[in-house]
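Participant: I'm passing along model_34.cif; it holds mmCIF, C-alpha atoms and all ligand atoms.
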```
data_run
loop_
_atom_site.label_atom_id
_atom_site.label_comp_id
_atom_site.auth_asym_id
_atom_site.auth_seq_id
_atom_site.Cartn_x
_atom_site.Cartn_y
_atom_site.Cartn_z
CA MET A 83 18.19 5.40 12.20
CA LYS A 84 16.32 5.77 8.95
CA SER A 85 12.67 4.95 8.30
CA TYR A 86 10.19 5.47 5.48
CA ASP A 87 7.12 7.01 7.08
CA VAL A 88 3.51 7.79 6.23
CA VAL A 89 3.38 11.54 6.86
CA ASP A 90 0.22 12.25 4.84
CA PHE A 91 -2.31 9.54 3.94
CA GLY A 92 -1.97 8.62 0.27
CA ALA A 93 1.22 10.67 -0.23
CA PRO A 94 4.61 9.01 -0.88
CA LEU A 95 6.41 7.67 2.18
CA LYS A 96 8.98 10.12 3.45
CA PRO A 97 12.56 9.08 4.26
CA THR A 98 13.10 10.21 7.84
CA GLU A 99 16.23 10.30 10.03
CA LYS A 100 15.73 10.00 13.79
CA PRO A 101 17.77 8.90 16.80
CA THR A 102 18.09 5.10 17.11
CA PRO A 103 16.11 4.09 20.22
CA LYS A 104 17.96 2.70 23.24
CA PRO A 105 16.08 -0.34 24.61
CA GLN A 106 14.64 0.12 28.13
CA GLY A 107 13.44 -2.56 30.55
CA SER A 108 12.60 -5.77 28.67
CA GLU A 109 12.87 -4.16 25.22
CA VAL A 110 15.06 -5.53 22.45
CA LEU A 111 16.44 -3.53 19.52
CA LEU A 112 16.75 -5.25 16.14
CA ARG A 113 18.56 -4.23 12.99
CA THR A 114 16.05 -4.95 10.22
CA LEU A 115 17.05 -7.70 7.78
CA ALA A 116 13.74 -8.01 5.91
CA ALA A 117 10.29 -6.41 6.00
CA GLY A 118 7.40 -7.80 3.98
CA VAL A 119 5.02 -5.43 2.18
CA CYS A 120 1.45 -6.39 3.01
CA HIS A 121 -1.88 -5.49 1.42
CA SER A 122 -3.04 -4.09 4.76
CA ASP A 123 -0.21 -1.55 4.50
CA LEU A 124 -2.07 -0.13 1.50
CA HIS A 125 -5.05 0.66 3.74
CA ILE A 126 -2.90 2.33 6.38
CA TRP A 127 -1.08 4.27 3.68
CA GLU A 128 -4.30 5.38 1.93
CA GLY A 129 -5.94 6.10 5.27
CA TRP A 130 -9.29 4.32 4.98
CA TYR A 131 -11.26 1.06 4.59
CA ASP A 132 -14.38 0.67 2.42
CA LEU A 133 -17.27 -0.46 4.64
CA GLY A 134 -19.68 -0.66 1.70
CA GLY A 135 -22.72 1.43 0.91
CA GLY A 136 -20.53 4.54 0.58
CA LYS A 137 -19.37 4.24 4.22
CA LYS A 138 -15.70 4.46 5.13
CA LEU A 139 -13.69 3.55 8.20
CA THR A 140 -10.74 5.88 8.40
CA VAL A 141 -7.38 4.87 9.76
CA ARG A 142 -7.68 7.89 12.10
CA ASP A 143 -10.87 6.22 13.50
CA ARG A 144 -8.58 3.31 14.43
CA GLY A 145 -6.50 5.80 16.40
CA LEU A 146 -3.64 5.97 13.94
CA VAL A 147 -2.16 9.42 13.47
CA PRO A 148 0.85 10.10 11.19
CA PRO A 149 3.78 9.96 11.17
CA LEU A 150 3.56 6.15 11.02
CA THR A 151 6.27 3.61 10.23
CA MET A 152 4.53 0.65 8.59
CA GLY A 153 5.87 -2.88 8.19
CA HIS A 154 4.57 -5.72 10.39
CA GLU A 155 6.42 -8.64 8.71
CA ILE A 156 9.80 -8.12 10.30
CA VAL A 157 12.94 -10.19 10.55
CA GLY A 158 15.93 -8.65 12.29
CA GLU A 159 19.19 -9.22 14.09
CA VAL A 160 19.41 -8.44 17.80
CA VAL A 161 21.77 -5.47 18.28
CA ALA A 162 20.90 -4.22 21.79
CA LEU A 163 18.99 -5.44 24.86
CA GLY A 164 17.31 -3.51 27.67
CA PRO A 165 18.66 -4.17 31.20
CA GLU A 166 15.81 -6.64 31.97
CA ALA A 167 15.68 -8.34 28.54
CA SER A 168 16.54 -12.03 28.37
CA GLY A 169 15.95 -14.98 26.07
CA VAL A 170 17.95 -13.65 23.12
CA LYS A 171 21.53 -12.47 22.63
CA ILE A 172 23.33 -10.01 20.36
CA GLY A 173 23.60 -11.42 16.85
CA ASP A 174 20.50 -13.68 17.07
CA LYS A 175 18.33 -13.48 13.96
CA ARG A 176 14.65 -13.58 14.79
CA LEU A 177 11.20 -13.16 13.27
CA VAL A 178 9.03 -10.68 15.18
CA HIS A 179 5.47 -11.60 16.24
CA PRO A 180 4.01 -8.12 15.67
CA TRP A 181 0.46 -8.77 16.98
CA ILE A 182 1.08 -7.49 20.47
CA GLY A 183 -1.74 -6.59 22.86
CA CYS A 184 -1.94 -4.92 26.26
CA GLY A 185 -1.02 -8.20 27.97
CA ALA A 186 -3.51 -7.63 30.79
CA CYS A 187 -7.07 -7.97 29.40
CA PRO A 188 -8.99 -11.30 29.30
CA VAL A 189 -8.34 -11.69 25.56
CA CYS A 190 -4.57 -11.23 26.00
CA ARG A 191 -4.56 -13.51 29.05
CA ARG A 192 -6.13 -16.32 27.03
CA GLY A 193 -3.32 -15.88 24.51
CA GLU A 194 -5.14 -14.03 21.74
CA GLU A 195 -3.25 -10.73 21.84
CA GLN A 196 -4.08 -10.23 18.15
CA LEU A 197 -7.69 -9.54 19.24
CA CYS A 198 -6.84 -7.11 22.08
CA MET A 199 -8.98 -3.95 22.14
CA THR A 200 -5.90 -1.80 22.90
CA PRO A 201 -3.38 -3.22 20.46
CA ARG A 202 0.27 -2.22 20.21
CA PHE A 203 0.90 -3.91 16.85
CA LEU A 204 4.30 -3.21 15.36
CA GLY A 205 3.98 -1.49 11.99
CA VAL A 206 0.46 -0.33 12.89
CA GLN A 207 0.18 1.46 16.26
CA LYS A 208 3.95 1.18 16.96
CA PRO A 209 6.86 1.76 14.55
CA GLY A 210 7.49 -1.22 12.25
CA GLY A 211 9.90 -2.62 9.72
CA TYR A 212 10.00 0.04 6.98
CA ALA A 213 13.10 1.15 8.86
CA ASP A 214 16.64 -0.01 9.48
CA HIS A 215 15.92 -0.61 13.21
CA VAL A 216 12.88 -1.85 15.15
CA LEU A 217 12.21 -1.83 18.89
CA VAL A 218 10.36 -4.90 20.28
CA PRO A 219 8.82 -4.71 23.78
CA HIS A 220 9.82 -8.21 24.92
CA ALA A 221 11.96 -11.12 23.72
CA ARG A 222 8.96 -13.48 23.91
CA TYR A 223 7.81 -11.96 20.60
CA LEU A 224 11.09 -12.96 18.91
CA LEU A 225 10.96 -16.35 17.26
CA ASP A 226 13.49 -18.67 15.66
CA PHE A 227 12.81 -19.29 11.97
CA GLY A 228 15.02 -22.32 11.43
CA ARG A 229 16.52 -22.84 8.02
CA LEU A 230 14.63 -20.11 6.15
CA SER A 231 16.34 -16.97 4.85
CA PRO A 232 15.21 -13.66 6.43
CA ALA A 233 13.32 -12.70 3.24
CA GLN A 234 11.57 -16.09 3.11
CA ALA A 235 10.73 -15.96 6.82
CA ALA A 236 9.34 -12.39 7.01
CA PRO A 237 6.00 -13.05 5.25
CA PHE A 238 5.11 -15.71 7.85
CA ALA A 239 4.53 -12.90 10.38
CA CYS A 240 1.38 -11.76 8.58
CA SER A 241 0.55 -13.50 5.35
CA GLY A 242 1.70 -16.84 6.79
CA ILE A 243 -0.04 -16.55 10.15
CA THR A 244 -3.17 -15.14 8.52
CA ALA A 245 -3.44 -18.07 6.12
CA PHE A 246 -2.58 -20.48 8.96
CA GLY A 247 -5.12 -18.84 11.27
CA ALA A 248 -7.81 -19.06 8.56
CA LEU A 249 -7.11 -22.77 8.03
CA LYS A 250 -7.24 -23.32 11.83
CA ARG A 251 -10.68 -21.70 11.84
CA VAL A 252 -11.81 -23.99 8.98
CA GLY A 253 -10.49 -26.94 10.98
CA ALA A 254 -8.67 -30.12 9.99
CA ALA A 255 -11.92 -32.13 10.27
CA ILE A 256 -13.12 -30.24 7.20
CA PHE A 257 -9.96 -29.59 5.15
CA ARG A 258 -8.63 -33.15 5.44
CA GLU A 259 -11.90 -34.64 4.14
CA GLN A 260 -13.30 -32.04 1.76
CA PRO A 261 -11.82 -29.74 -0.85
CA ILE A 262 -11.89 -26.06 0.04
CA LEU A 263 -12.23 -22.96 -2.11
CA VAL A 264 -9.47 -20.36 -1.85
CA ILE A 265 -10.50 -16.98 -3.24
CA GLY A 266 -7.60 -14.75 -4.28
CA ALA A 267 -4.22 -16.09 -5.36
CA GLY A 268 -1.99 -13.24 -4.19
CA GLY A 269 0.64 -13.77 -1.50
CA LEU A 270 -1.92 -14.99 1.04
CA GLY A 271 -3.68 -17.39 -1.30
CA LEU A 272 -0.41 -19.00 -2.39
CA MET A 273 0.73 -19.26 1.23
CA CYS A 274 -2.59 -20.92 2.08
CA LEU A 275 -2.05 -23.55 -0.63
CA SER A 276 1.40 -24.33 0.77
CA LEU A 277 0.13 -24.60 4.35
CA LEU A 278 -2.86 -26.71 3.33
CA LYS A 279 -0.46 -29.20 1.79
CA ALA A 280 1.80 -29.15 4.89
CA LEU A 281 -1.22 -29.78 7.16
CA GLY A 282 -2.40 -32.78 5.14
CA GLY A 283 -5.31 -31.05 3.44
CA LEU A 284 -7.20 -32.63 0.56
CA GLY A 285 -6.60 -29.60 -1.64
CA ALA A 286 -8.13 -26.40 -2.87
CA VAL A 287 -9.84 -24.97 -5.90
CA VAL A 288 -8.59 -21.43 -6.39
CA ALA A 289 -10.65 -18.55 -7.76
CA ASP A 290 -9.04 -15.37 -9.07
CA ILE A 291 -9.88 -12.87 -11.79
CA ASP A 292 -6.25 -12.65 -12.96
CA PRO A 293 -5.02 -15.42 -15.34
CA GLY A 294 -1.39 -14.89 -14.21
CA LYS A 295 -2.39 -15.48 -10.59
CA ARG A 296 -4.44 -18.56 -11.56
CA GLU A 297 -1.34 -19.91 -13.30
CA ALA A 298 0.73 -19.28 -10.14
CA ALA A 299 -1.93 -21.09 -8.07
CA LEU A 300 -1.83 -24.15 -10.33
CA LYS A 301 1.97 -24.21 -10.03
CA ALA A 302 1.56 -24.01 -6.24
CA GLY A 303 -0.57 -27.17 -6.30
CA ALA A 304 -4.19 -25.98 -6.59
CA LEU A 305 -6.63 -28.74 -7.67
CA ALA A 306 -8.00 -26.32 -10.27
CA ALA A 307 -8.16 -22.59 -10.88
CA ILE A 308 -11.31 -20.83 -12.00
CA ASP A 309 -12.13 -17.28 -13.05
CA ALA A 310 -13.68 -15.60 -10.00
CA GLY A 311 -15.29 -13.04 -12.30
CA ALA A 312 -17.22 -15.57 -14.42
CA ALA A 313 -21.01 -15.31 -14.19
CA ASP A 314 -21.18 -19.02 -13.33
CA ALA A 315 -18.16 -18.99 -10.97
CA VAL A 316 -20.07 -20.91 -8.25
CA LYS A 317 -20.94 -23.73 -10.65
CA ARG A 318 -17.39 -23.78 -12.02
CA ALA A 319 -15.91 -23.99 -8.51
CA GLN A 320 -18.27 -26.81 -7.49
CA GLU A 321 -17.57 -28.78 -10.69
CA ALA A 322 -13.81 -28.29 -10.39
CA ALA A 323 -13.89 -29.49 -6.75
CA LYS A 324 -15.46 -32.83 -7.83
CA ALA A 325 -16.87 -33.11 -4.27
CA SER A 326 -18.79 -30.88 -1.87
CA ILE A 327 -16.81 -27.78 -0.86
CA GLY A 328 -16.28 -27.83 2.91
CA ALA A 329 -15.16 -24.23 3.31
CA ALA A 330 -14.22 -21.09 1.45
CA ILE A 331 -11.43 -18.78 2.56
CA ASP A 332 -11.83 -15.33 1.07
CA PHE A 333 -8.54 -13.47 0.85
CA VAL A 334 -10.14 -10.66 -1.14
CA GLY A 335 -13.18 -9.73 0.93
CA ALA A 336 -15.19 -7.90 -1.73
CA SER A 337 -18.96 -8.11 -2.24
CA ALA A 338 -18.59 -10.42 -5.26
CA THR A 339 -16.09 -12.75 -3.60
CA ALA A 340 -18.20 -13.03 -0.43
CA ARG A 341 -21.18 -13.99 -2.62
CA LEU A 342 -19.05 -16.61 -4.39
CA GLY A 343 -17.69 -18.07 -1.15
CA ILE A 344 -21.01 -18.22 0.69
CA ASP A 345 -22.87 -19.69 -2.31
CA ALA A 346 -20.19 -22.27 -3.16
CA ILE A 347 -19.89 -24.02 0.21
CA ALA A 348 -21.88 -27.13 1.08
CA LYS A 349 -24.30 -27.55 4.01
CA GLY A 350 -22.44 -27.21 7.29
CA GLY A 351 -19.67 -25.34 5.49
CA LYS A 352 -17.65 -22.38 6.67
CA TYR A 353 -17.02 -19.10 4.92
CA VAL A 354 -13.93 -17.51 6.45
CA ILE A 355 -13.30 -13.91 5.44
CA VAL A 356 -9.82 -12.51 5.72
CA GLY A 357 -9.43 -9.88 2.99
CA LEU A 358 -10.23 -6.22 3.57
CA PHE A 359 -11.01 -5.13 0.02
CA GLY A 360 -14.36 -3.84 1.22
CA GLY A 361 -18.03 -3.79 0.33
CA GLU A 362 -21.22 -5.33 1.68
CA ILE A 363 -23.66 -8.17 0.93
CA THR A 364 -27.30 -9.00 1.59
CA LEU A 365 -27.97 -12.41 3.09
CA SER A 366 -31.16 -14.45 2.87
CA LEU A 367 -31.43 -15.24 6.57
CA PRO A 368 -33.44 -18.52 6.43
CA LEU A 369 -30.68 -20.02 4.27
CA VAL A 370 -28.11 -19.51 7.05
CA PRO A 371 -29.79 -21.99 9.45
CA MET A 372 -31.15 -24.22 6.67
CA ARG A 373 -27.66 -24.64 5.21
CA ALA A 374 -26.12 -24.48 8.73
CA ILE A 375 -23.26 -22.39 7.43
CA THR A 376 -20.77 -20.41 9.50
CA ILE A 377 -19.57 -16.97 8.52
CA GLN A 378 -16.36 -16.28 10.35
CA GLY A 379 -13.88 -13.41 10.30
CA ALA A 380 -10.22 -14.19 10.85
CA TYR A 381 -7.52 -11.75 11.87
CA THR A 382 -3.89 -12.99 11.86
CA GLY A 383 -3.26 -15.51 14.67
CA SER A 384 -1.96 -15.97 18.19
CA LEU A 385 1.64 -16.13 19.41
CA ALA A 386 1.15 -19.88 20.03
CA GLU A 387 -0.09 -20.35 16.45
CA MET A 388 2.89 -18.34 15.18
CA LYS A 389 5.27 -20.70 17.03
CA GLU A 390 3.47 -23.73 15.57
CA LEU A 391 3.66 -22.24 12.10
CA LEU A 392 7.38 -21.40 12.34
CA ALA A 393 8.17 -24.89 13.62
CA LEU A 394 6.52 -26.24 10.47
CA ALA A 395 8.04 -23.67 8.09
CA GLY A 396 11.47 -23.58 9.76
CA ALA A 397 11.76 -27.34 9.31
CA GLY A 398 11.23 -26.90 5.56
CA LYS A 399 7.73 -28.44 5.62
CA VAL A 400 6.06 -25.48 3.90
CA PRO A 401 7.09 -24.89 0.28
CA PRO A 402 8.11 -21.20 0.27
CA VAL A 403 6.03 -18.72 -1.71
CA PRO A 404 7.90 -16.66 -4.29
CA VAL A 405 9.41 -13.55 -2.68
CA HIS A 406 10.80 -10.55 -4.53
CA GLU A 407 13.41 -8.53 -2.72
CA HIS A 408 13.61 -4.76 -3.06
CA ARG A 409 15.67 -2.11 -1.31
CA LEU A 410 13.98 -0.23 1.52
CA ALA A 411 14.43 2.96 -0.53
CA GLU A 412 12.10 1.44 -3.17
CA ALA A 413 9.21 1.19 -0.68
CA ASN A 414 7.03 3.68 -2.55
CA ALA A 415 7.44 1.93 -5.90
CA VAL A 416 6.63 -1.43 -4.28
CA LEU A 417 3.44 -0.05 -2.70
CA GLU A 418 2.36 1.30 -6.10
CA GLU A 419 3.01 -2.12 -7.72
CA LEU A 420 0.98 -3.84 -5.00
CA LYS A 421 -1.86 -1.34 -5.37
CA ALA A 422 -1.91 -2.02 -9.13
CA GLY A 423 -2.15 -5.79 -8.40
CA ARG A 424 1.13 -6.50 -10.18
CA VAL A 425 2.94 -8.33 -7.35
CA ILE A 426 2.92 -12.14 -7.70
CA GLY A 427 3.84 -13.77 -4.39
CA ARG A 428 5.30 -11.44 -1.78
CA ALA A 429 7.43 -8.30 -1.97
CA VAL A 430 10.03 -7.94 0.79
CA LEU A 431 12.11 -4.85 1.59
CA THR A 432 15.72 -5.34 2.63
CA PRO A 433 18.01 -2.57 3.93
ZN ZN A 501 -0.24 -7.87 6.91
ZN ZN A 502 -5.22 -6.93 25.82
#
```
Write the structure described by the file as structure tokens, please.
Ligand SMILES: [Zn+2]
Ligand SMILES: [Zn+2]
Facilitator:
Amino acid sequence: MKSYDVVDFGAPLKPTEKPTPKPQGSEVLLRTLAAGVCHSDLHIWEGWYDLGGGKKLTVRDRGLVPPLTMGHEIVGEVVALGPEASGVKIGDKRLVHPWIGCGACPVCRRGEEQLCMTPRFLGVQKPGGYADHVLVPHARYLLDFGRLSPAQAAPFACSGITAFGALKRVGAAIFREQPILVIGAGGLGLMCLSLLKALGGLGAVVADIDPGKREAALKAGALAAIDAGAADAVKRAQEAAKASIGAAIDFVGASATARLGIDAIAKGGKYVIVGLFGGEITLSLPLVPMRAITIQGAYTGSLAEMKELLALAGAGKVPPVPVHEHRLAEANAVLEELKAGRVIGRAVLTP
């Protein structure tokens, strides 16, 4: 099999030939049909996260040591099953739930494997989809994606479930009655707009610094799009919302966007941070109880949420976000484009 691997942090991915794995036990081998390129891949590739104040979290601190095969948004066709694997058959096309935990700890047992302290995420700790084959530990992580094409389906495994998970943490009680603020109109922001519509949300004001991305957000049904970099961005967001903003979902996660999100929400509102751009903020503590706001981090979603999301998307109830298909061999160029902020919608690698 062939994969494109991180061999040195920050250096171009290296095309690598290795023996195609033979599935053991409950494992299932897939031939990759599509692999989405995610912003979080940039962090793995570069090897660090910005914690703010000059502090860094390195990817090695997360226990990741090259060579690494990235790619956690995987759609593939079943080509081989381990002797104990069941639930799928050769030729089935499936989306992979990559957020796999140990399966034994209390967090995994309550169904939130994405929060397991000893994760086995595909494309992070375990080899992922920047390859022509992927090994999945159990068929329960393989999900039907209905009428979508593989390239349309792949982004649901991370950008889709992350946007869905963030909306779940905002809660329908808020997003059905109040407008929300979506910060960042990249792949995740656009997906969030689509899902908000599918879930019966009132709508979202979108904030982004890039006029092209604001345009894309308006086309995707945003109530309004404002310049996140404007000095009076909070006022602009609140005026554009025409009602109190119930929650902000921050798909960027920088100091300035956190400030915008926290300041723009109404009393009782939620600020949900998803993006990993990096930085830090200072908070006036009395204002947290006085405004009764919630600051919540969100990381992907559970297997149950993934099933719920795919049922919605597979039935055609989520307008697809624009995807751009590239050959697997173009992985390096695609990462560079993403790093430069030039990808509108989602880039997907196909073999
Ligand atoms: Zn991702
Ligand atoms: Zn666990």
Participant: Looking at only C-alpha atoms and all ligand atoms, which of A:His154, A:Ser122, A:Phe203, A:Pro97 is the one that sits closest to ligand ZN 502 (chain A)?
Facilitator: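 Between A:His154, A:Ser122, A:Phe203, A:Pro97, the residue approaching ligand ZN 502 (chain A) most closely is A:Phe203.
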Participant: Might you pull out every residue within 8 Å of A:Ile126, with all atoms listed in the file counted and same-chain residues fewer than 5 positions away left off, and present them as a list in words?
Facilitator: Phe91, Val141, Met152 and Val206 of chain A
Participant: Using only C-alpha atoms, please write the residues we just selected to a file, as a compact mmCIF listing (two decimals), in the coordinates of the input.
Facilitator:
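What follows is the written file part_29.txt:
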```txt
# COMPACT_ATOMS: atom_id res chain seq x y z
CA PHE A 91 -2.31 9.54 3.94
CA VAL A 141 -7.38 4.87 9.76
CA MET A 152 4.53 0.65 8.59
CA VAL A 206 0.46 -0.33 12.89
```
Participant: Around ligand ZN 502 (chain A), out to 10 Å and counting only C-alpha atoms and all ligand atoms, which residues are there? I want them as a list in words.
Facilitator: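 Counting only C-alpha atoms and all ligand atoms, the residues within 10 Å of ligand ZN 502 (chain A) come out as Ile182, Gly183, Cys184, Gly185, Ala186, Cys187, Pro188, Val189, Cys190, Arg191, Arg192, Gly193, Glu194, Glu195, Gln196, Leu197, Cys198, Met199, Thr200, Pro201 and Arg202 of chain A.
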Participant: Could you write out that same residue set with C-alpha atoms as a PDB file, in the coordinates of the input?
Facilitator:
```pdb
ATOM      1  CA  ILE A 182       1.080  -7.490  20.470  1.00  0.00           C
ATOM      2  CA  GLY A 183      -1.740  -6.590  22.860  1.00  0.00           C
ATOM      3  CA  CYS A 184      -1.940  -4.920  26.260  1.00  0.00           C
ATOM      4  CA  GLY A 185      -1.020  -8.200  27.970  1.00  0.00           C
ATOM      5  CA  ALA A 186      -3.510  -7.630  30.790  1.00  0.00           C
ATOM      6  CA  CYS A 187      -7.070  -7.970  29.400  1.00  0.00           C
ATOM      7  CA  PRO A 188      -8.990 -11.300  29.300  1.00  0.00           C
ATOM      8  CA  VAL A 189      -8.340 -11.690  25.560  1.00  0.00           C
ATOM      9  CA  CYS A 190      -4.570 -11.230  26.000  1.00  0.00           C
ATOM     10  CA  ARG A 191      -4.560 -13.510  29.050  1.00  0.00           C
ATOM     11  CA  ARG A 192      -6.130 -16.320  27.030  1.00  0.00           C
ATOM     12  CA  GLY A 193      -3.320 -15.880  24.510  1.00  0.00           C
ATOM     13  CA  GLU A 194      -5.140 -14.030  21.740  1.00  0.00           C
ATOM     14  CA  GLU A 195      -3.250 -10.730  21.840  1.00  0.00           C
ATOM     15  CA  GLN A 196      -4.080 -10.230  18.150  1.00  0.00           C
ATOM     16  CA  LEU A 197      -7.690  -9.540  19.240  1.00  0.00           C
ATOM     17  CA  CYS A 198      -6.840  -7.110  22.080  1.00  0.00           C
ATOM     18  CA  MET A 199      -8.980  -3.950  22.140  1.00  0.00           C
ATOM     19  CA  THR A 200      -5.900  -1.800  22.900  1.00  0.00           C
ATOM     20  CA  PRO A 201      -3.380  -3.220  20.460  1.00  0.00           C
ATOM     21  CA  ARG A 202       0.270  -2.220  20.210  1.00  0.00           C
TER      22      ARG A 202
END
```
Participant: My list of candidates is A:Leu358, A:Arg318, A:Ala298, A:Ile347. Which is closest to ligand ZN 501 (chain A) when distances are computed with only C-alpha atoms and all ligand atoms?
Facilitator: A:Leu358
Participant: 6 Å from ligand ZN 501 (chain A) is the threshold here; counting all atoms listed in the file, which polymer residues fall inside it? Answer as an MDAnalysis selection string.
Facilitator: chainID A and resid 120 122 240:241
Participant: Any chance you can output those residues with C-alpha atoms as a CSV table (one decimal), in the coordinates of the input?
Facilitator:
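Contents of result_26.csv, freshly written:
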```csv
chain,number,residue,atom,x,y,z
A,120,CYS,CA,1.4,-6.4,3.0
A,122,SER,CA,-3.0,-4.1,4.8
A,240,CYS,CA,1.4,-11.8,8.6
A,241,SER,CA,0.6,-13.5,5.4
```
Participant: Restricting the calculation to all atoms listed in the file, which member of A:Ser168, A:Ser366, A:Ser85, A:Asn414 is positioned closest to A:Pro101?
Facilitator: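 Closest residue, counting all atoms listed in the file: A:Ser85.
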Participant: Nearest to A:Tyr86: which of A:Asp309, A:Glu412, A:Glu166, A:Glu155 is it, counting only C-alpha atoms?
Facilitator: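 Counting only C-alpha atoms, the residue closest to A:Tyr86 is A:Glu412.
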Participant: Which residue, A:Pro103, A:Gly423, A:Gly247, A:Gly351, has the smallest gap to A:Gly383 when you use all atoms listed in the file?
Facilitator: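 Closest residue, counting all atoms listed in the file: A:Gly247.
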Participant: Could you please determine the separation between atom CA of A:Leu115 and atom CA of A:Gly205 in Å, to one decimal place?
Facilitator: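 One can read the atom CA of A:Leu115 to atom CA of A:Gly205 distance as 15.1 Å.
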Participant: Which is closer to A:Lys138 than all the others in A:Gly266, A:Ala395, A:Glu418, A:Phe359, using only C-alpha atoms?
Facilitator: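 The closest residue to A:Lys138 is A:Phe359.
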Participant: Please provide as an MDAnalysis selection string all residues within 10 Å of A:Val430, with the sequence filter that same-chain residues fewer than 4 positions apart are discarded (counting all atoms listed in the file).
Facilitator: chainID A and resid 115:120 153 155:156 232:234 236:237 405:410 413 416
Participant: With all atoms listed in the file as the counted atoms, please give the residues lying no more than 9 Å from A:Gly350, apart from itself and same-chain residues fewer than 4 positions off, as JSON, numbers by chain.
Facilitator: {"A": [328, 329, 373, 374, 375, 376]}
Participant: What residues have an atom no more than 10 Å from (2.5, -9.6, -7.9) in the file's own frame, counting only C-alpha atoms, and can you write them as a ChimeraX atom specification?
Facilitator: /A:267-269,294-295,404-406,416,419-429
Participant: Can you measure atom CA of A:Gly136 to atom CA of A:Leu124 for me? One decimal in Å is fine.
Facilitator: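 Result for atom CA of A:Gly136 versus atom CA of A:Leu124: 19.1 Å, one decimal.
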Participant: Need the shell around A:Val356: protein/DNA/RNA residues with any atom at most 9 Å away, counting only C-alpha atoms. Skip same-chain ones fewer than 3 positions apart. Format as a CSV table (one decimal) with C-alpha atoms, in the frame of the given file?
Facilitator:
```csv
chain,number,residue,atom,x,y,z
A,244,THR,CA,-3.2,-15.1,8.5
A,245,ALA,CA,-3.4,-18.1,6.1
A,248,ALA,CA,-7.8,-19.1,8.6
A,331,ILE,CA,-11.4,-18.8,2.6
A,332,ASP,CA,-11.8,-15.3,1.1
A,333,PHE,CA,-8.5,-13.5,0.8
A,334,VAL,CA,-10.1,-10.7,-1.1
A,335,GLY,CA,-13.2,-9.7,0.9
A,378,GLN,CA,-16.4,-16.3,10.4
A,379,GLY,CA,-13.9,-13.4,10.3
A,380,ALA,CA,-10.2,-14.2,10.8
A,381,TYR,CA,-7.5,-11.8,11.9
A,382,THR,CA,-3.9,-13.0,11.9
```
Participant: Counting only C-alpha atoms, find residues at most 12 Å from (17.3, -7.9, 18.9) (file frame) and give them as an mmCIF file with C-alpha atoms, keeping the file's coordinate frame.
Facilitator:
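Done, and the output landed in out-v3.cif:
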```cif
data_model
loop_
_atom_site.group_PDB
_atom_site.id
_atom_site.type_symbol
_atom_site.label_atom_id
_atom_site.label_comp_id
_atom_site.auth_asym_id
_atom_site.auth_seq_id
_atom_site.Cartn_x
_atom_site.Cartn_y
_atom_site.Cartn_z
ATOM 1 C CA LYS A 104 17.960 2.700 23.240
ATOM 2 C CA PRO A 105 16.080 -0.340 24.610
ATOM 3 C CA SER A 108 12.600 -5.770 28.670
ATOM 4 C CA GLU A 109 12.870 -4.160 25.220
ATOM 5 C CA VAL A 110 15.060 -5.530 22.450
ATOM 6 C CA LEU A 111 16.440 -3.530 19.520
ATOM 7 C CA LEU A 112 16.750 -5.250 16.140
ATOM 8 C CA ARG A 113 18.560 -4.230 12.990
ATOM 9 C CA THR A 114 16.050 -4.950 10.220
ATOM 10 C CA LEU A 115 17.050 -7.700 7.780
ATOM 11 C CA ILE A 156 9.800 -8.120 10.300
ATOM 12 C CA VAL A 157 12.940 -10.190 10.550
ATOM 13 C CA GLY A 158 15.930 -8.650 12.290
ATOM 14 C CA GLU A 159 19.190 -9.220 14.090
ATOM 15 C CA VAL A 160 19.410 -8.440 17.800
ATOM 16 C CA VAL A 161 21.770 -5.470 18.280
ATOM 17 C CA ALA A 162 20.900 -4.220 21.790
ATOM 18 C CA LEU A 163 18.990 -5.440 24.860
ATOM 19 C CA GLY A 164 17.310 -3.510 27.670
ATOM 20 C CA ALA A 167 15.680 -8.340 28.540
ATOM 21 C CA SER A 168 16.540 -12.030 28.370
ATOM 22 C CA GLY A 169 15.950 -14.980 26.070
ATOM 23 C CA VAL A 170 17.950 -13.650 23.120
ATOM 24 C CA LYS A 171 21.530 -12.470 22.630
ATOM 25 C CA ILE A 172 23.330 -10.010 20.360
ATOM 26 C CA GLY A 173 23.600 -11.420 16.850
ATOM 27 C CA ASP A 174 20.500 -13.680 17.070
ATOM 28 C CA LYS A 175 18.330 -13.480 13.960
ATOM 29 C CA ARG A 176 14.650 -13.580 14.790
ATOM 30 C CA LEU A 177 11.200 -13.160 13.270
ATOM 31 C CA VAL A 178 9.030 -10.680 15.180
ATOM 32 C CA HIS A 215 15.920 -0.610 13.210
ATOM 33 C CA VAL A 216 12.880 -1.850 15.150
ATOM 34 C CA LEU A 217 12.210 -1.830 18.890
ATOM 35 C CA VAL A 218 10.360 -4.900 20.280
ATOM 36 C CA PRO A 219 8.820 -4.710 23.780
ATOM 37 C CA HIS A 220 9.820 -8.210 24.920
ATOM 38 C CA ALA A 221 11.960 -11.120 23.720
ATOM 39 C CA ARG A 222 8.960 -13.480 23.910
ATOM 40 C CA TYR A 223 7.810 -11.960 20.600
ATOM 41 C CA LEU A 224 11.090 -12.960 18.910
ATOM 42 C CA LEU A 225 10.960 -16.350 17.260
ATOM 43 C CA ASP A 226 13.490 -18.670 15.660
#
```
Participant: Once 8 Å is added on each side, what are the centre and the three edge lengths, in Å to one decimal, of the axis-aligned box enclosing the listed atoms of stretch 252-269 of chain A? Present them as lines of an AutoDock Vina configuration file.
Facilitator:
```
center_x = -6.3
center_y = -23.9
center_z = 2.8
size_x = 29.9
size_y = 37.4
size_z = 32.3
```
